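upload.cif (mmCIF, C-alpha atoms)
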```cif
data_final
loop_
_atom_site.label_atom_id
_atom_site.label_comp_id
_atom_site.auth_asym_id
_atom_site.auth_seq_id
_atom_site.Cartn_x
_atom_site.Cartn_y
_atom_site.Cartn_z
CA MET Q 1 72.44 74.90 94.35
CA PRO Q 2 75.92 73.49 94.39
CA TYR Q 3 78.72 76.06 94.28
CA VAL Q 4 81.91 74.79 92.71
CA THR Q 5 85.28 76.51 92.96
CA VAL Q 6 88.13 75.35 90.71
CA LYS Q 7 91.52 76.65 91.80
CA MET Q 8 94.39 76.09 89.40
CA LEU Q 9 97.59 77.59 88.02
CA GLU Q 10 97.02 80.40 85.53
CA GLY Q 11 97.62 79.71 81.88
CA ARG Q 12 94.57 77.83 80.57
CA THR Q 13 93.01 79.22 77.40
CA GLU Q 14 89.48 80.61 77.24
CA GLU Q 15 88.48 77.51 75.29
CA GLN Q 16 89.73 75.27 78.09
CA LYS Q 17 87.96 77.31 80.77
CA LYS Q 18 84.72 77.31 78.79
CA ALA Q 19 84.86 73.52 78.38
CA LEU Q 20 85.83 73.03 82.04
CA VAL Q 21 82.82 75.00 83.23
CA GLU Q 22 80.44 73.10 80.95
CA LYS Q 23 81.72 69.62 81.83
CA VAL Q 24 81.98 70.29 85.55
CA THR Q 25 78.46 71.71 85.64
CA ALA Q 26 77.12 68.62 83.89
CA ALA Q 27 79.03 66.29 86.22
CA VAL Q 28 77.76 68.02 89.36
CA SER Q 29 74.19 68.28 88.15
CA GLU Q 30 74.04 64.64 87.11
CA THR Q 31 75.46 63.25 90.34
CA SER Q 32 73.92 65.62 92.90
CA ASN Q 33 70.47 65.74 91.41
CA ALA Q 34 70.54 69.52 91.19
CA PRO Q 35 69.16 71.12 88.04
CA VAL Q 36 71.85 72.54 85.74
CA GLU Q 37 70.41 76.05 86.26
CA ASN Q 38 71.36 75.89 89.93
CA VAL Q 39 75.01 74.98 89.48
CA VAL Q 40 77.46 77.85 89.95
CA VAL Q 41 81.15 77.60 89.01
CA PHE Q 42 83.94 79.95 90.07
CA ILE Q 43 87.44 79.73 88.60
CA GLU Q 44 90.35 80.98 90.68
CA GLU Q 45 93.77 81.23 89.06
CA MET Q 46 97.02 81.17 90.99
CA PRO Q 47 100.30 82.67 89.79
CA LYS Q 48 103.34 80.39 90.15
CA ASN Q 49 104.86 82.45 92.94
CA HIS Q 50 101.78 81.99 95.14
CA TYR Q 51 101.60 78.20 95.05
CA ALA Q 52 103.95 75.77 96.78
CA VAL Q 53 104.18 72.06 97.36
CA ALA Q 54 106.73 70.66 99.83
CA GLY Q 55 107.79 74.18 100.74
CA LYS Q 56 108.88 75.09 97.22
CA ARG Q 57 106.99 77.59 95.07
CA PHE Q 58 106.45 76.74 91.42
CA SER Q 59 108.24 79.96 90.49
CA ASP Q 60 111.36 78.72 92.30
CA GLN Q 61 111.65 75.42 90.47
CA MET D 1 85.33 88.64 115.45
CA PRO D 2 83.20 87.87 112.44
CA TYR D 3 85.05 87.65 109.13
CA VAL D 4 82.93 88.54 106.13
CA THR D 5 83.87 87.81 102.52
CA VAL D 6 81.88 89.43 99.72
CA LYS D 7 82.50 87.85 96.32
CA MET D 8 81.04 89.66 93.32
CA LEU D 9 81.64 90.55 89.69
CA GLU D 10 84.22 93.27 89.17
CA GLY D 11 83.03 96.71 88.19
CA ARG D 12 81.76 98.41 91.35
CA THR D 13 83.12 101.89 92.01
CA GLU D 14 85.24 102.76 95.02
CA GLU D 15 82.26 104.66 96.43
CA GLN D 16 80.11 101.53 96.20
CA LYS D 17 82.76 99.35 97.84
CA LYS D 18 83.26 101.88 100.62
CA ALA D 19 79.52 102.00 101.32
CA LEU D 20 79.22 98.21 101.10
CA VAL D 21 81.93 97.70 103.69
CA GLU D 22 80.37 100.24 106.06
CA LYS D 23 76.81 98.91 105.81
CA VAL D 24 77.80 95.25 105.98
CA THR D 25 79.97 95.88 109.03
CA ALA D 26 77.09 97.64 110.79
CA ALA D 27 74.65 94.85 109.88
CA VAL D 28 76.96 92.12 111.17
CA SER D 29 77.89 93.97 114.35
CA GLU D 30 74.27 94.78 115.21
CA THR D 31 72.96 91.25 114.69
CA SER D 32 75.86 89.17 115.99
CA ASN D 33 76.59 91.25 119.04
CA ALA D 34 80.21 91.70 118.04
CA PRO D 35 81.72 95.16 118.48
CA VAL D 36 82.26 97.04 115.20
CA GLU D 37 86.04 97.01 115.82
CA ASN D 38 86.06 93.23 115.53
CA VAL D 39 84.32 92.95 112.18
CA VAL D 40 86.61 92.25 109.23
CA VAL D 41 85.42 92.49 105.60
CA PHE D 42 87.19 91.12 102.54
CA ILE D 43 86.03 91.92 99.00
CA GLU D 44 86.81 89.44 96.23
CA GLU D 45 86.12 90.43 92.64
CA MET D 46 85.55 87.95 89.85
CA PRO D 47 86.14 88.64 86.15
CA LYS D 48 83.28 87.61 83.85
CA ASN D 49 85.24 84.73 82.34
CA HIS D 50 85.72 83.09 85.74
CA TYR D 51 82.08 82.94 86.81
CA ALA D 52 79.39 80.68 85.40
CA VAL D 53 75.78 79.82 86.16
CA ALA D 54 74.12 76.86 84.45
CA GLY D 55 77.39 75.99 82.71
CA LYS D 56 77.66 79.33 80.93
CA ARG D 57 80.28 81.92 81.80
CA PHE D 58 79.19 85.56 81.95
CA SER D 59 81.79 86.36 79.30
CA ASP D 60 80.11 83.93 76.90
CA GLN D 61 76.64 85.47 77.13
CA MET J 1 74.93 87.93 92.36
CA PRO J 2 77.07 88.70 95.35
CA TYR J 3 78.03 85.71 97.49
CA VAL J 4 78.63 86.58 101.13
CA THR J 5 80.33 84.30 103.65
CA VAL J 6 80.15 85.16 107.34
CA LYS J 7 82.63 83.21 109.46
CA MET J 8 82.23 83.51 113.21
CA LEU J 9 82.51 81.62 116.51
CA GLU J 10 79.68 79.19 117.12
CA GLY J 11 77.07 80.12 119.66
CA ARG J 12 74.70 82.59 118.00
CA THR J 13 71.00 81.77 118.31
CA GLU J 14 68.75 81.00 115.36
CA GLU J 15 67.12 84.41 115.86
CA GLN J 16 70.49 86.12 115.58
CA LYS J 17 71.44 84.18 112.45
CA LYS J 18 68.09 84.93 110.85
CA ALA J 19 68.47 88.65 111.53
CA LEU J 20 72.09 88.63 110.38
CA VAL J 21 71.17 87.08 107.05
CA GLU J 22 68.34 89.58 106.49
CA LYS J 23 70.33 92.67 107.39
CA VAL J 24 73.47 91.64 105.52
CA THR J 25 71.44 90.83 102.40
CA ALA J 26 69.79 94.25 102.53
CA ALA J 27 73.13 96.00 103.07
CA VAL J 28 74.79 94.22 100.14
CA SER J 29 71.85 94.69 97.80
CA GLU J 30 71.52 98.38 98.57
CA THR J 31 75.20 99.20 98.11
CA SER J 32 76.13 96.90 95.23
CA ASN J 33 73.05 97.53 93.14
CA ALA J 34 72.25 93.82 92.97
CA PRO J 35 68.62 92.78 93.41
CA VAL J 36 67.89 91.14 96.77
CA GLU J 37 66.97 87.90 94.95
CA ASN J 38 70.55 87.54 93.76
CA VAL J 39 72.27 87.85 97.13
CA VAL J 40 73.46 84.58 98.65
CA VAL J 41 74.67 84.30 102.25
CA PHE J 42 76.63 81.42 103.79
CA ILE J 43 77.28 81.18 107.53
CA GLU J 44 80.35 79.27 108.71
CA GLU J 45 80.76 78.60 112.41
CA MET J 46 84.08 77.91 114.07
CA PRO J 47 84.56 76.02 117.32
CA LYS J 48 86.84 77.72 119.86
CA ASN J 49 89.61 75.17 119.41
CA HIS J 50 89.91 75.95 115.68
CA TYR J 51 90.39 79.69 115.92
CA ALA J 52 93.47 81.51 117.17
CA VAL J 53 94.69 85.08 117.40
CA ALA J 54 98.32 85.80 118.29
CA GLY J 55 99.06 82.07 118.35
CA LYS J 56 96.54 81.35 121.11
CA ARG J 57 93.33 79.40 120.47
CA PHE J 58 90.15 80.67 122.09
CA SER J 59 89.78 77.28 123.80
CA ASP J 60 93.16 77.81 125.51
CA GLN J 61 92.36 81.19 127.06
CA MET L 1 97.00 70.29 90.32
CA PRO L 2 93.50 71.71 90.23
CA TYR L 3 91.77 71.92 93.60
CA VAL L 4 88.01 71.68 93.39
CA THR L 5 85.62 72.58 96.21
CA VAL L 6 81.97 71.58 95.93
CA LYS L 7 79.74 73.35 98.43
CA MET L 8 76.17 72.09 98.70
CA LEU L 9 73.30 71.46 101.09
CA GLU L 10 73.77 68.39 103.27
CA GLY L 11 71.74 65.31 102.50
CA ARG L 12 73.43 63.58 99.56
CA THR L 13 74.11 59.87 100.01
CA GLU L 14 77.58 58.36 100.06
CA GLU L 15 76.87 56.89 96.64
CA GLN L 16 76.07 60.33 95.26
CA LYS L 17 79.19 61.86 96.77
CA LYS L 18 81.35 59.04 95.44
CA ALA L 19 79.95 59.49 91.94
CA LEU L 20 80.23 63.27 92.14
CA VAL L 21 83.90 63.08 93.05
CA GLU L 22 84.64 60.65 90.21
CA LYS L 23 82.78 62.56 87.51
CA VAL L 24 84.05 65.97 88.57
CA THR L 25 87.64 64.70 88.65
CA ALA L 26 87.28 63.29 85.14
CA ALA L 27 85.70 66.53 83.86
CA VAL L 28 88.45 68.71 85.33
CA SER L 29 91.26 66.45 84.20
CA GLU L 30 89.96 66.19 80.65
CA THR L 31 89.42 69.91 80.16
CA SER L 32 92.37 71.35 82.06
CA ASN L 33 94.97 68.90 80.81
CA ALA L 34 95.96 67.93 84.32
CA PRO L 35 96.54 64.24 85.04
CA VAL L 36 93.78 62.62 87.10
CA GLU L 37 96.29 61.94 89.90
CA ASN L 38 96.70 65.67 90.44
CA VAL L 39 93.03 66.56 90.84
CA VAL L 40 91.90 67.14 94.42
CA VAL L 41 88.21 67.42 95.39
CA PHE L 42 86.82 68.76 98.66
CA ILE L 43 83.13 68.49 99.56
CA GLU L 44 81.67 71.04 101.94
CA GLU L 45 78.14 70.53 103.23
CA MET L 46 75.92 73.31 104.50
CA PRO L 47 73.06 72.88 106.94
CA LYS L 48 69.82 74.59 105.92
CA ASN L 49 70.07 77.22 108.64
CA HIS L 50 73.44 78.43 107.34
CA TYR L 51 72.43 79.10 103.75
CA ALA L 52 70.21 81.90 102.47
CA VAL L 53 69.09 83.28 99.15
CA ALA L 54 67.29 86.63 98.96
CA GLY L 55 67.72 87.08 102.70
CA LYS L 56 65.79 83.94 103.59
CA ARG L 57 67.45 80.85 105.07
CA PHE L 58 66.40 77.45 103.74
CA SER L 59 65.44 76.47 107.28
CA ASP L 60 62.95 79.35 107.39
CA GLN L 61 61.07 78.41 104.24
CA MET B 1 97.97 66.53 103.13
CA PRO B 2 97.39 69.81 104.88
CA TYR B 3 96.41 72.71 102.63
CA VAL B 4 97.43 76.11 103.97
CA THR B 5 96.13 79.43 102.68
CA VAL B 6 97.85 82.64 103.76
CA LYS B 7 95.83 85.75 103.02
CA MET B 8 97.58 89.07 103.50
CA LEU B 9 97.93 92.60 102.13
CA GLU B 10 99.94 92.82 98.93
CA GLY B 11 103.41 94.23 99.12
CA ARG B 12 105.69 91.47 100.41
CA THR B 13 108.83 90.79 98.38
CA GLU B 14 109.53 87.52 96.61
CA GLU B 15 112.18 86.79 99.24
CA GLN B 16 109.61 87.20 102.01
CA LYS B 17 107.07 84.97 100.26
CA LYS B 18 109.70 82.31 99.61
CA ALA B 19 110.72 82.28 103.27
CA LEU B 20 107.11 82.33 104.43
CA VAL B 21 106.28 79.26 102.36
CA GLU B 22 109.34 77.38 103.64
CA LYS B 23 108.83 78.18 107.32
CA VAL B 24 105.07 77.59 107.27
CA THR B 25 105.52 74.25 105.52
CA ALA B 26 108.05 73.15 108.13
CA ALA B 27 105.81 74.30 111.01
CA VAL B 28 102.78 72.45 109.65
CA SER B 29 104.68 69.29 108.83
CA GLU B 30 106.38 69.13 112.22
CA THR B 31 103.21 69.67 114.24
CA SER B 32 100.67 67.72 112.17
CA ASN B 33 102.86 64.72 111.47
CA ALA B 34 102.37 65.10 107.72
CA PRO B 35 105.43 64.62 105.50
CA VAL B 36 106.78 67.87 104.03
CA GLU B 37 105.98 66.58 100.52
CA ASN B 38 102.27 66.62 101.35
CA VAL B 39 102.04 70.20 102.55
CA VAL B 40 100.53 72.65 100.06
CA VAL B 41 100.65 76.42 100.56
CA PHE B 42 98.60 79.04 98.72
CA ILE B 43 99.27 82.77 99.07
CA GLU B 44 96.40 85.18 98.47
CA GLU B 45 97.13 88.89 98.33
CA MET B 46 94.57 91.58 99.04
CA PRO B 47 94.71 95.13 97.73
CA LYS B 48 94.11 97.84 100.35
CA ASN B 49 90.72 98.78 98.92
CA HIS B 50 89.38 95.25 99.40
CA TYR B 51 90.17 94.84 103.07
CA ALA B 52 88.41 96.55 105.98
CA VAL B 53 88.49 96.40 109.75
CA ALA B 54 85.80 98.18 111.78
CA GLY B 55 84.06 99.23 108.57
CA LYS B 56 87.04 101.17 107.25
CA ARG B 57 89.06 100.02 104.26
CA PHE B 58 92.85 100.30 104.46
CA SER B 59 92.76 102.48 101.35
CA ASP B 60 90.54 104.99 103.18
CA GLN B 61 92.83 105.49 106.18
CA MET C 1 97.18 91.00 109.62
CA PRO C 2 97.79 87.72 107.83
CA TYR C 3 94.89 85.26 107.97
CA VAL C 4 95.98 81.64 107.78
CA THR C 5 93.65 78.72 107.10
CA VAL C 6 94.91 75.17 107.65
CA LYS C 7 92.70 72.53 106.08
CA MET C 8 93.46 68.91 106.98
CA LEU C 9 91.92 65.54 107.68
CA GLU C 10 90.27 65.28 111.06
CA GLY C 11 92.02 63.30 113.74
CA ARG C 12 94.77 65.50 115.17
CA THR C 13 94.85 65.82 118.96
CA GLU C 14 94.29 69.07 120.82
CA GLU C 15 97.99 69.09 121.65
CA GLN C 16 98.88 68.88 117.96
CA LYS C 17 96.46 71.64 117.03
CA LYS C 18 97.74 73.87 119.81
CA ALA C 19 101.35 73.37 118.67
CA LEU C 20 100.39 73.85 115.01
CA VAL C 21 98.75 77.19 115.74
CA GLU C 22 101.74 78.40 117.76
CA LYS C 23 104.40 77.37 115.26
CA VAL C 24 102.49 78.58 112.21
CA THR C 25 101.84 81.95 113.85
CA ALA C 26 105.54 82.34 114.63
CA ALA C 27 106.52 81.34 111.09
CA VAL C 28 104.13 83.79 109.47
CA SER C 29 104.98 86.65 111.80
CA GLU C 30 108.72 86.20 111.36
CA THR C 31 108.65 86.04 107.57
CA SER C 32 105.91 88.56 106.77
CA ASN C 33 106.98 91.20 109.26
CA ALA C 34 103.55 91.26 110.87
CA PRO C 35 103.41 91.43 114.67
CA VAL C 36 102.34 88.15 116.30
CA GLU C 37 99.20 89.87 117.67
CA ASN C 38 97.94 90.39 114.13
CA VAL C 39 98.22 86.78 112.93
CA VAL C 40 94.94 84.87 112.82
CA VAL C 41 94.77 81.09 112.31
CA PHE C 42 91.71 79.05 111.36
CA ILE C 43 91.72 75.24 111.38
CA GLU C 44 89.31 73.41 109.08
CA GLU C 45 88.95 69.65 109.43
CA MET C 46 87.72 67.39 106.66
CA PRO C 47 86.12 63.99 107.17
CA LYS C 48 87.52 61.19 104.99
CA ASN C 49 84.39 60.99 102.85
CA HIS C 50 84.68 64.63 101.82
CA TYR C 51 88.22 64.56 100.50
CA ALA C 52 89.43 62.90 97.30
CA VAL C 53 92.62 62.70 95.31
CA ALA C 54 92.62 61.21 91.80
CA GLY C 55 88.84 60.77 92.00
CA LYS C 56 89.00 58.49 95.02
CA ARG C 57 87.75 59.53 98.44
CA PHE C 58 89.86 58.61 101.47
CA SER C 59 86.86 56.77 102.89
CA ASP C 60 86.79 54.54 99.80
CA GLN C 61 90.41 53.38 100.03
#
```
Entire entry expressed as structure tokens:
Amino acid sequence: MPYVTVKMLEGRTEEQKKALVEKVTAAVSETSNAPVENVVVFIEEMPKNHYAVAGKRFSDQ
Amino acid sequence: MPYVTVKMLEGRTEEQKKALVEKVTAAVSETSNAPVENVVVFIEEMPKNHYAVAGKRFSDQ
Amino acid sequence: MPYVTVKMLEGRTEEQKKALVEKVTAAVSETSNAPVENVVVFIEEMPKNHYAVAGKRFSDQ
Amino acid sequence: MPYVTVKMLEGRTEEQKKALVEKVTAAVSETSNAPVENVVVFIEEMPKNHYAVAGKRFSDQ
Amino acid sequence: MPYVTVKMLEGRTEEQKKALVEKVTAAVSETSNAPVENVVVFIEEMPKNHYAVAGKRFSDQ
Amino acid sequence: MPYVTVKMLEGRTEEQKKALVEKVTAAVSETSNAPVENVVVFIEEMPKNHYAVAGKRFSDQ
């Protein structure tokens, strides 16, 4: 039962999220030998002011 | 100092969340031998479009 | 389908972990209205040198 | 820069993990429009005594 | 490439979050020997009704 | 009560981890207005075969 969390900046469309969940589930199932029914995917979106690389938030760039 | 995170679909009432936090804290304290004062509980709610089982999001069902 | 993560210092016995998982599952099921079959529990253990309060690791006390 | 965490029971081979990371990265990049270089994957393995469904740990089954 | 997550109650100003990200990045870079460019910081805010110590949520105090 | 998690490749010395925890705690306390006593730091180490950027694990480079 793999549990997959995808953390990314907010802004993807529902179509993109739907496709992401389908393709990631297939990729995990195929390579980990877990049946598709057992794969769980969580999406976590970050706003730009809560994400920083090199000490600089994306909202400050 | 156990730290407990409960991740679930959004939609529970405040009464349910209050009871969940109380009962989970008691269960963890009793079984882990940590005093109640040291138990921390975080609730994380997921929207239906960010949670998928078997490649299908709950918002697509 | 609540997903519960319990993070705590290493050192509990298998008996304690078994009881913790049973009691926490019951507490979450009862208060969130999710069937017991849908409750998932993860235990994460921390060594004393990877956990600090007030800037002091437990291995340094 | 999507960050992907795959949490699963321990026991996969290095070949499986290598393939998982490659396929998941491709799936996320393709569907989220993020360049492959920006996709980060973390694997987290769980021992059987730290993972329970329906109040029963996999080590107790 | 250290990845830092700071989880705290909501309510800090943008100025505070900006300073937090800068200072934490510097502290991690300096002590872990990772270049500043490789340090990633995520902020996660909790509402008062999703955070409890000793079985009592902050929204119930 | 900010909770800080620092995830990084394994290999730092105890001295580095001790300094990291101290400096990060000071940085978070100073910028978030939380007393030092309330800042909690967790360190999570990753092995090279469980961490990938651009689809390539660090153990495969």
List the spatial neighbours of range 7-13 of chain J as a VMD selection string - criterion: any atom at most 6 Å away, only C-alpha atoms, same-chain residues fewer than 4 positions off excluded. (chain D and resid 2 to 3) or (chain J and resid 44 to 47)
Env of Ala26 in chain Q: 8 Å cut, atoms = all atoms listed in the file, seq-sep filter 3 positions within chain, self excluded. Answer as a list in words.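 Selected residues are Glu22, Lys23, Ser29, Glu30 and Val36 of chain Q; Gly55 of chain D.
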Once the PyMOL selection byres ((chain C) within 10 of (chain J)) is applied to the coordinates I shared, what remains selected? I want it as a short mmCIF file (atom, residue, chain, number, x, y, z; two decimals) with C-alpha atoms, in the coordinates of the input.
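Saved the output as result-v8.cif:
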```
data_model
loop_
_atom_site.label_atom_id
_atom_site.label_comp_id
_atom_site.auth_asym_id
_atom_site.auth_seq_id
_atom_site.Cartn_x
_atom_site.Cartn_y
_atom_site.Cartn_z
CA TYR C 3 94.89 85.26 107.97
CA VAL C 4 95.98 81.64 107.78
CA THR C 5 93.65 78.72 107.10
CA VAL C 6 94.91 75.17 107.65
CA GLU C 14 94.29 69.07 120.82
CA LYS C 17 96.46 71.64 117.03
CA LYS C 18 97.74 73.87 119.81
CA ALA C 19 101.35 73.37 118.67
CA LEU C 20 100.39 73.85 115.01
CA VAL C 21 98.75 77.19 115.74
CA GLU C 22 101.74 78.40 117.76
CA LYS C 23 104.40 77.37 115.26
CA VAL C 24 102.49 78.58 112.21
CA THR C 25 101.84 81.95 113.85
CA ALA C 26 105.54 82.34 114.63
CA SER C 29 104.98 86.65 111.80
CA PRO C 35 103.41 91.43 114.67
CA VAL C 36 102.34 88.15 116.30
CA GLU C 37 99.20 89.87 117.67
CA ASN C 38 97.94 90.39 114.13
CA VAL C 39 98.22 86.78 112.93
CA VAL C 40 94.94 84.87 112.82
CA VAL C 41 94.77 81.09 112.31
CA PHE C 42 91.71 79.05 111.36
CA ILE C 43 91.72 75.24 111.38
CA GLU C 44 89.31 73.41 109.08
CA GLU C 45 88.95 69.65 109.43
#
```
Report, in Å with one decimal, the straight-line distance from CA of Ser32 in chain Q to CA of Met1 in chain Q. 9.5 Å
Please put the answer as AutoDock Vina command-line options: centre and edge lengths, in Å with one decimal, of a box along x, y and z that encloses all listed atoms of range 19-37 of chain L plus 4 Å on each side.
```
--center_x 88.2 --center_y 65.4 --center_z 86.6 --size_x 24.6 --size_y 19.9 --size_z 20.9
```
In Å to one decimal, how far is CA of Phe58 in chain B from CA of Ala34 in chain J?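 Computing it gives 24.5 Å between the two atoms.
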Between CA of Gln61 in chain D and CA of Gln16 in chain Q, measure the distance and give it in Å to one decimal. 16.6 Å
Using the partial input, fill out range 23-37 of chain Q with N, CA, C and O atoms; write the result as a short mmCIF file (atom, residue, chain, number, x, y, z; two decimals), in the frame of the given file.
```
data_model
loop_
_atom_site.label_atom_id
_atom_site.label_comp_id
_atom_site.auth_asym_id
_atom_site.auth_seq_id
_atom_site.Cartn_x
_atom_site.Cartn_y
_atom_site.Cartn_z
N LYS Q 23 81.62 71.03 81.41
CA LYS Q 23 81.72 69.62 81.83
C LYS Q 23 81.56 69.46 83.35
O LYS Q 23 80.94 68.51 83.82
N VAL Q 24 82.12 70.39 84.10
CA VAL Q 24 81.98 70.29 85.55
C VAL Q 24 80.53 70.51 85.97
O VAL Q 24 79.99 69.80 86.82
N THR Q 25 79.87 71.46 85.34
CA THR Q 25 78.46 71.71 85.64
C THR Q 25 77.62 70.46 85.37
O THR Q 25 76.77 70.06 86.19
N ALA Q 26 77.87 69.84 84.22
CA ALA Q 26 77.12 68.62 83.89
C ALA Q 26 77.40 67.51 84.90
O ALA Q 26 76.48 66.83 85.36
N ALA Q 27 78.66 67.34 85.28
CA ALA Q 27 79.03 66.29 86.22
C ALA Q 27 78.37 66.49 87.58
O ALA Q 27 77.89 65.55 88.21
N VAL Q 28 78.35 67.73 88.04
CA VAL Q 28 77.76 68.02 89.36
C VAL Q 28 76.25 67.87 89.31
O VAL Q 28 75.63 67.28 90.20
N SER Q 29 75.65 68.37 88.27
CA SER Q 29 74.19 68.28 88.15
C SER Q 29 73.73 66.82 88.12
O SER Q 29 72.83 66.41 88.85
N GLU Q 30 74.40 66.05 87.30
CA GLU Q 30 74.04 64.64 87.11
C GLU Q 30 74.17 63.83 88.40
O GLU Q 30 73.32 62.98 88.71
N THR Q 31 75.20 64.09 89.16
CA THR Q 31 75.46 63.25 90.34
C THR Q 31 74.82 63.78 91.62
O THR Q 31 74.64 63.03 92.58
N SER Q 32 74.49 65.08 91.65
CA SER Q 32 73.92 65.62 92.90
C SER Q 32 72.43 65.83 92.79
O SER Q 32 71.79 66.24 93.76
N ASN Q 33 71.91 65.58 91.60
CA ASN Q 33 70.47 65.74 91.41
C ASN Q 33 70.01 67.18 91.48
O ASN Q 33 68.84 67.46 91.76
N ALA Q 34 70.91 68.10 91.23
CA ALA Q 34 70.54 69.52 91.19
C ALA Q 34 70.34 69.90 89.73
O ALA Q 34 71.11 69.47 88.87
N PRO Q 35 69.34 70.69 89.43
CA PRO Q 35 69.16 71.12 88.04
C PRO Q 35 70.37 71.94 87.58
O PRO Q 35 70.97 72.66 88.39
N VAL Q 36 70.71 71.81 86.30
CA VAL Q 36 71.85 72.54 85.74
C VAL Q 36 71.77 74.04 86.05
O VAL Q 36 72.78 74.68 86.35
N GLU Q 37 70.57 74.58 86.04
CA GLU Q 37 70.41 76.05 86.26
C GLU Q 37 70.90 76.48 87.64
O GLU Q 37 71.15 77.65 87.87
#
```
